[in-house]
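What follows is one structure encoded as structure tokens, with my remarks underneath.
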Amino acid sequence: MIAKRSVLTDEMVAKIEALAPRYPNRQALTLPALHIVNAELRHVPLEAVAEIAAILGLAPAEVQDTLSFYQFFYQAKPHGTVRAFVCRSISCALRGGDQLLEHLCHSNGIQPYGTTADGSLTIEPAECLGACDFAPCILANDDLLMNMTPDTATAALKQPRAKAT
């Protein structure tokens, strides 16, 4: 008997199942499944954890353990349509990354890890984006924004982007 789902769509389940041949076992699908749900819903609610567990034949705690290990997943509520990670590694910090984070949060009326009231933007600190030559950097959804200043970052984050993952 197939359990009734309330969060995962047939399309999400099909995407998860399509990946199965690439992995040695069902447990190895946990992280890709979380990414699929997060990309669609912009968060992974507790109900989705239980549904992923049922699909993969795992205990919900096993899926929750994976989810809670990674910074990229929200659980309580969706992150913004644009999810901006502001690098604060040593290279970015030396070139104004911390001030950039402070400026973006202040100008959008939120704290780090916060989402604007309209749900358009979430701003989070990141430890390293791997583009030290172009510091300070921001990862906005899948776009790496380099050599940012408060003005260029503000303008760049207003541009349309692909869905956050």
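In the structure tokens, chains take letters A, B, ... by order of appearance, with residues numbered from 1 within each chain and ligands from 1 in the order shown.
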Identify, on the basis of only C-alpha atoms, every residue whose closest approach to Leu121 in chain A does not exceed 8 Å; exclude the query and any residue fewer than 4 positions from it along the same chain; express the result as a compact mmCIF listing (two decimals) with N, CA and C atoms, in the first residue's frame.
```txt
# COMPACT_ATOMS: atom_id res chain seq x y z
N HIS A 79 12.72 29.87 2.43
CA HIS A 79 13.66 30.97 2.28
C HIS A 79 13.19 31.84 1.13
N GLY A 80 13.84 32.97 0.94
CA GLY A 80 13.43 33.90 -0.09
C GLY A 80 13.58 33.35 -1.50
N THR A 81 12.88 33.99 -2.41
CA THR A 81 12.99 33.61 -3.82
C THR A 81 14.45 33.72 -4.26
N VAL A 82 15.13 34.77 -3.81
CA VAL A 82 16.58 34.88 -3.99
C VAL A 82 17.21 34.59 -2.64
N ARG A 83 18.11 33.65 -2.64
CA ARG A 83 18.83 33.29 -1.42
C ARG A 83 20.28 33.71 -1.63
N ALA A 84 20.73 34.71 -0.88
CA ALA A 84 22.05 35.29 -1.07
C ALA A 84 22.97 34.92 0.08
N THR A 115 14.62 36.78 6.17
CA THR A 115 13.95 36.89 4.87
C THR A 115 13.09 38.14 4.88
N THR A 116 13.12 38.88 3.79
CA THR A 116 12.31 40.09 3.69
C THR A 116 10.83 39.74 3.83
```
Which neighbours of Asn38 in chain A fall inside 8 Å, counting only C-alpha atoms, when residues of the same chain fewer than 4 positions from it are skipped, and could you give them as a PyMOL selection string? chain A and resi 34+42-44+73-74+165
For the residues selected in the previous step, produce a file with N, CA and C atoms as a CSV table (one decimal), in the first residue's frame.
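Listed below is the output, result.csv:
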```
chain,number,residue,atom,x,y,z
A,34,LEU,N,16.4,15.6,-0.7
A,34,LEU,CA,16.3,16.8,0.0
A,34,LEU,C,16.5,18.0,-0.9
A,42,ARG,N,11.4,25.6,-1.5
A,42,ARG,CA,12.3,26.6,-0.9
A,42,ARG,C,12.4,26.3,0.6
A,43,HIS,N,12.0,25.1,1.0
A,43,HIS,CA,12.3,24.6,2.4
A,43,HIS,C,11.9,23.1,2.4
A,44,VAL,N,12.2,22.4,3.5
A,44,VAL,CA,11.9,21.0,3.6
A,44,VAL,C,11.1,20.9,4.9
A,73,PHE,N,19.5,23.8,3.9
A,73,PHE,CA,18.1,23.5,4.0
A,73,PHE,C,17.4,24.2,5.1
A,74,TYR,N,16.3,24.8,4.8
A,74,TYR,CA,15.4,25.5,5.7
A,74,TYR,C,14.3,24.5,6.0
A,165,THR,N,18.0,27.0,-5.0
A,165,THR,CA,18.1,25.5,-4.8
A,165,THR,C,18.4,25.2,-3.4
```
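Checking A:Pro21, A:Arg26, A:Cys137, A:Leu46 one by one against Ser6 in chain A, counting only C-alpha atoms, you find the shortest gap at A:Leu46.
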Using 12 Å as the limit and counting only C-alpha atoms, can you tabulate each residue of range 92-141 of chain A that touches range 152-155 of chain A, with its shortest atom-to-atom distance in Å and the two atoms involved, as a Markdown table?
```
| residue | atom | partner | partner_atom | distance |
| --- | --- | --- | --- | --- |
| A:Gly96 | CA | A:Ala153 | CA | 12.0 |
| A:Gly97 | CA | A:Ala153 | CA | 10.9 |
| A:Gln99 | CA | A:Ala153 | CA | 11.7 |
| A:Leu100 | CA | A:Ala153 | CA | 8.0 |
| A:Leu101 | CA | A:Ala153 | CA | 9.8 |
| A:Glu102 | CA | A:Ala153 | CA | 11.9 |
| A:His103 | CA | A:Thr154 | CA | 8.9 |
| A:Leu104 | CA | A:Thr154 | CA | 6.9 |
| A:Cys105 | CA | A:Thr154 | CA | 10.3 |
| A:His106 | CA | A:Thr154 | CA | 11.2 |
| A:Ser107 | CA | A:Thr154 | CA | 8.5 |
| A:Asn108 | CA | A:Thr154 | CA | 9.3 |
| A:Leu121 | CA | A:Thr154 | CA | 11.3 |
| A:Ile123 | CA | A:Ala153 | CA | 11.7 |
| A:Pro136 | CA | A:Ala153 | CA | 9.9 |
| A:Cys137 | CA | A:Ala153 | CA | 9.1 |
| A:Ile138 | CA | A:Ala153 | CA | 8.0 |
| A:Leu139 | CA | A:Ala153 | CA | 10.7 |
| A:Ala140 | CA | A:Ala153 | CA | 10.0 |
```
Deliver the residues from the most recent selection as a file, using N, CA and C atoms, as a PDB file, in the first residue's frame.
```pdb
ATOM      1  N   GLY A  96      35.992  43.732   2.651  1.00  0.00           N
ATOM      2  CA  GLY A  96      34.713  44.354   2.970  1.00  0.00           C
ATOM      3  C   GLY A  96      33.506  43.437   3.035  1.00  0.00           C
ATOM      4  N   GLY A  97      33.722  42.143   3.099  1.00  0.00           N
ATOM      5  CA  GLY A  97      32.608  41.203   3.141  1.00  0.00           C
ATOM      6  C   GLY A  97      31.691  41.376   4.340  1.00  0.00           C
ATOM      7  N   GLN A  99      31.191  44.126   6.083  1.00  0.00           N
ATOM      8  CA  GLN A  99      30.440  45.370   5.894  1.00  0.00           C
ATOM      9  C   GLN A  99      29.365  45.191   4.821  1.00  0.00           C
ATOM     10  N   LEU A 100      29.668  44.395   3.816  1.00  0.00           N
ATOM     11  CA  LEU A 100      28.694  44.107   2.766  1.00  0.00           C
ATOM     12  C   LEU A 100      27.483  43.370   3.346  1.00  0.00           C
ATOM     13  N   LEU A 101      27.743  42.371   4.165  1.00  0.00           N
ATOM     14  CA  LEU A 101      26.663  41.634   4.825  1.00  0.00           C
ATOM     15  C   LEU A 101      25.829  42.579   5.678  1.00  0.00           C
ATOM     16  N   GLU A 102      26.488  43.399   6.465  1.00  0.00           N
ATOM     17  CA  GLU A 102      25.785  44.356   7.331  1.00  0.00           C
ATOM     18  C   GLU A 102      24.950  45.329   6.504  1.00  0.00           C
ATOM     19  N   HIS A 103      25.512  45.854   5.421  1.00  0.00           N
ATOM     20  CA  HIS A 103      24.788  46.799   4.561  1.00  0.00           C
ATOM     21  C   HIS A 103      23.544  46.148   3.955  1.00  0.00           C
ATOM     22  N   LEU A 104      23.700  44.956   3.411  1.00  0.00           N
ATOM     23  CA  LEU A 104      22.569  44.295   2.754  1.00  0.00           C
ATOM     24  C   LEU A 104      21.456  43.975   3.745  1.00  0.00           C
ATOM     25  N   CYS A 105      21.837  43.514   4.922  1.00  0.00           N
ATOM     26  CA  CYS A 105      20.814  43.231   5.938  1.00  0.00           C
ATOM     27  C   CYS A 105      20.117  44.515   6.356  1.00  0.00           C
ATOM     28  N   HIS A 106      20.886  45.541   6.658  1.00  0.00           N
ATOM     29  CA  HIS A 106      20.310  46.813   7.103  1.00  0.00           C
ATOM     30  C   HIS A 106      19.407  47.418   6.025  1.00  0.00           C
ATOM     31  N   SER A 107      19.868  47.447   4.792  1.00  0.00           N
ATOM     32  CA  SER A 107      19.082  48.081   3.726  1.00  0.00           C
ATOM     33  C   SER A 107      17.823  47.292   3.376  1.00  0.00           C
ATOM     34  N   ASN A 108      17.784  46.015   3.749  1.00  0.00           N
ATOM     35  CA  ASN A 108      16.588  45.205   3.497  1.00  0.00           C
ATOM     36  C   ASN A 108      15.753  44.975   4.752  1.00  0.00           C
ATOM     37  N   LEU A 121      13.829  37.892  -0.660  1.00  0.00           N
ATOM     38  CA  LEU A 121      15.266  37.793  -0.426  1.00  0.00           C
ATOM     39  C   LEU A 121      15.563  37.264   0.968  1.00  0.00           C
ATOM     40  N   ILE A 123      19.110  36.624   3.250  1.00  0.00           N
ATOM     41  CA  ILE A 123      20.540  36.926   3.284  1.00  0.00           C
ATOM     42  C   ILE A 123      21.189  36.117   4.393  1.00  0.00           C
ATOM     43  N   PRO A 136      34.962  40.872  -2.386  1.00  0.00           N
ATOM     44  CA  PRO A 136      33.998  39.986  -1.725  1.00  0.00           C
ATOM     45  C   PRO A 136      32.954  39.460  -2.709  1.00  0.00           C
ATOM     46  N   CYS A 137      32.470  38.263  -2.408  1.00  0.00           N
ATOM     47  CA  CYS A 137      31.544  37.560  -3.298  1.00  0.00           C
ATOM     48  C   CYS A 137      30.221  37.256  -2.609  1.00  0.00           C
ATOM     49  N   ILE A 138      29.219  37.070  -3.449  1.00  0.00           N
ATOM     50  CA  ILE A 138      27.896  36.655  -3.005  1.00  0.00           C
ATOM     51  C   ILE A 138      27.434  35.534  -3.929  1.00  0.00           C
ATOM     52  N   LEU A 139      26.868  34.485  -3.370  1.00  0.00           N
ATOM     53  CA  LEU A 139      26.218  33.456  -4.163  1.00  0.00           C
ATOM     54  C   LEU A 139      24.722  33.730  -4.074  1.00  0.00           C
ATOM     55  N   ALA A 140      24.142  34.201  -5.168  1.00  0.00           N
ATOM     56  CA  ALA A 140      22.712  34.520  -5.231  1.00  0.00           C
ATOM     57  C   ALA A 140      22.045  33.443  -6.063  1.00  0.00           C
TER      58      ALA A 140
END
```
Mind checking DSSP for range 50-85 of chain A and telling me the strand (DSSP E or B) residues as an mmCIF file with N, CA and C atoms, in the first residue's frame?
```cif
data_model
loop_
_atom_site.group_PDB
_atom_site.id
_atom_site.type_symbol
_atom_site.label_atom_id
_atom_site.label_comp_id
_atom_site.auth_asym_id
_atom_site.auth_seq_id
_atom_site.Cartn_x
_atom_site.Cartn_y
_atom_site.Cartn_z
ATOM 1 N N VAL A 82 15.129 34.768 -3.807
ATOM 2 C CA VAL A 82 16.578 34.885 -3.989
ATOM 3 C C VAL A 82 17.211 34.592 -2.636
ATOM 4 N N ARG A 83 18.109 33.654 -2.641
ATOM 5 C CA ARG A 83 18.833 33.294 -1.422
ATOM 6 C C ARG A 83 20.284 33.707 -1.626
ATOM 7 N N ALA A 84 20.726 34.707 -0.878
ATOM 8 C CA ALA A 84 22.048 35.293 -1.068
ATOM 9 C C ALA A 84 22.969 34.924 0.077
ATOM 10 N N PHE A 85 24.040 34.202 -0.256
ATOM 11 C CA PHE A 85 25.075 33.866 0.703
ATOM 12 C C PHE A 85 26.207 34.873 0.526
#
```
Shell of 9 Å around Leu41 in chain A, only C-alpha atoms, local chain residues under 4 positions omitted, as a tab-separated table (two decimals) with N, CA and C atoms, in the first residue's frame:
```
chain	number	residue	atom	x	y	z
A	36	ILE	N	15.90	18.14	-4.15
A	36	ILE	CA	14.74	18.23	-5.04
A	36	ILE	C	13.58	18.92	-4.34
A	37	VAL	N	13.29	18.52	-3.13
A	37	VAL	CA	12.18	19.13	-2.38
A	37	VAL	C	12.50	20.58	-2.05
A	45	PRO	N	9.74	20.98	4.81
A	45	PRO	CA	8.94	20.86	6.04
A	45	PRO	C	9.02	19.46	6.64
A	78	PRO	N	9.79	28.77	4.22
A	78	PRO	CA	10.57	28.92	2.99
A	78	PRO	C	11.58	30.07	3.07
A	79	HIS	N	12.72	29.87	2.43
A	79	HIS	CA	13.66	30.97	2.28
A	79	HIS	C	13.19	31.84	1.13
```
Selection near range 47-57 of chain A, 9 Å with only C-alpha atoms, sequence-local residues under 4 positions removed, as a PyMOL selection string: chain A and resi 3-8+13+16-17+26-27+29-30+33-34+37+61-64+67
Keeping C-alpha atoms, export the residues of the selection given above as a PDB file, in the first residue's frame.
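To be explicit, this is the file written out as selection-v1.pdb:
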```pdb
ATOM      1  CA  ALA A   3       1.190   6.020   1.806  1.00  0.00           C
ATOM      2  CA  LYS A   4      -0.755   9.175   1.035  1.00  0.00           C
ATOM      3  CA  ARG A   5       1.450  12.211   0.465  1.00  0.00           C
ATOM      4  CA  SER A   6       0.510  15.757   1.404  1.00  0.00           C
ATOM      5  CA  VAL A   7       3.716  17.644   0.539  1.00  0.00           C
ATOM      6  CA  LEU A   8       5.656  15.809  -2.154  1.00  0.00           C
ATOM      7  CA  VAL A  13       8.804  11.684  -6.424  1.00  0.00           C
ATOM      8  CA  ILE A  16      13.832  11.215  -6.873  1.00  0.00           C
ATOM      9  CA  GLU A  17      13.083   7.808  -8.394  1.00  0.00           C
ATOM     10  CA  ARG A  26      18.127   3.993  -1.302  1.00  0.00           C
ATOM     11  CA  GLN A  27      19.804   5.702   1.668  1.00  0.00           C
ATOM     12  CA  LEU A  29      19.326   9.124  -2.330  1.00  0.00           C
ATOM     13  CA  THR A  30      18.620  11.093   0.851  1.00  0.00           C
ATOM     14  CA  ALA A  33      15.885  13.963  -2.482  1.00  0.00           C
ATOM     15  CA  LEU A  34      16.269  16.816  -0.001  1.00  0.00           C
ATOM     16  CA  VAL A  37      12.182  19.128  -2.375  1.00  0.00           C
ATOM     17  CA  ALA A  61      15.198  10.360  11.849  1.00  0.00           C
ATOM     18  CA  GLU A  62      17.720   9.241   9.214  1.00  0.00           C
ATOM     19  CA  VAL A  63      16.420  11.835   6.747  1.00  0.00           C
ATOM     20  CA  GLN A  64      16.259  14.494   9.479  1.00  0.00           C
ATOM     21  CA  LEU A  67      18.832  17.580   6.584  1.00  0.00           C
TER      22      LEU A  67
END
```
Do a neighbour search on range 125-128 of chain A at 7 Å with only C-alpha atoms, toss out local chain neighbours closer than 5 positions, and write the hits as a short mmCIF file (atom, residue, chain, number, x, y, z; two decimals) with N, CA and C atoms, in the first residue's frame.
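around-v4.cif, written as the output of this step:
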```
data_model
loop_
_atom_site.label_atom_id
_atom_site.label_comp_id
_atom_site.auth_asym_id
_atom_site.auth_seq_id
_atom_site.Cartn_x
_atom_site.Cartn_y
_atom_site.Cartn_z
N PHE A 85 24.04 34.20 -0.26
CA PHE A 85 25.08 33.87 0.70
C PHE A 85 26.21 34.87 0.53
N VAL A 86 26.49 35.65 1.56
CA VAL A 86 27.56 36.64 1.52
C VAL A 86 28.79 36.03 2.18
N CYS A 87 29.86 35.91 1.40
CA CYS A 87 31.08 35.27 1.88
C CYS A 87 31.74 36.13 2.96
N ARG A 88 32.21 35.45 4.00
CA ARG A 88 32.93 36.16 5.04
C ARG A 88 34.24 35.44 5.38
N SER A 89 34.77 34.73 4.38
CA SER A 89 36.09 34.11 4.57
C SER A 89 37.12 35.22 4.74
N PRO A 112 20.96 38.80 9.59
CA PRO A 112 21.49 37.64 8.89
C PRO A 112 20.60 36.41 9.14
#
```
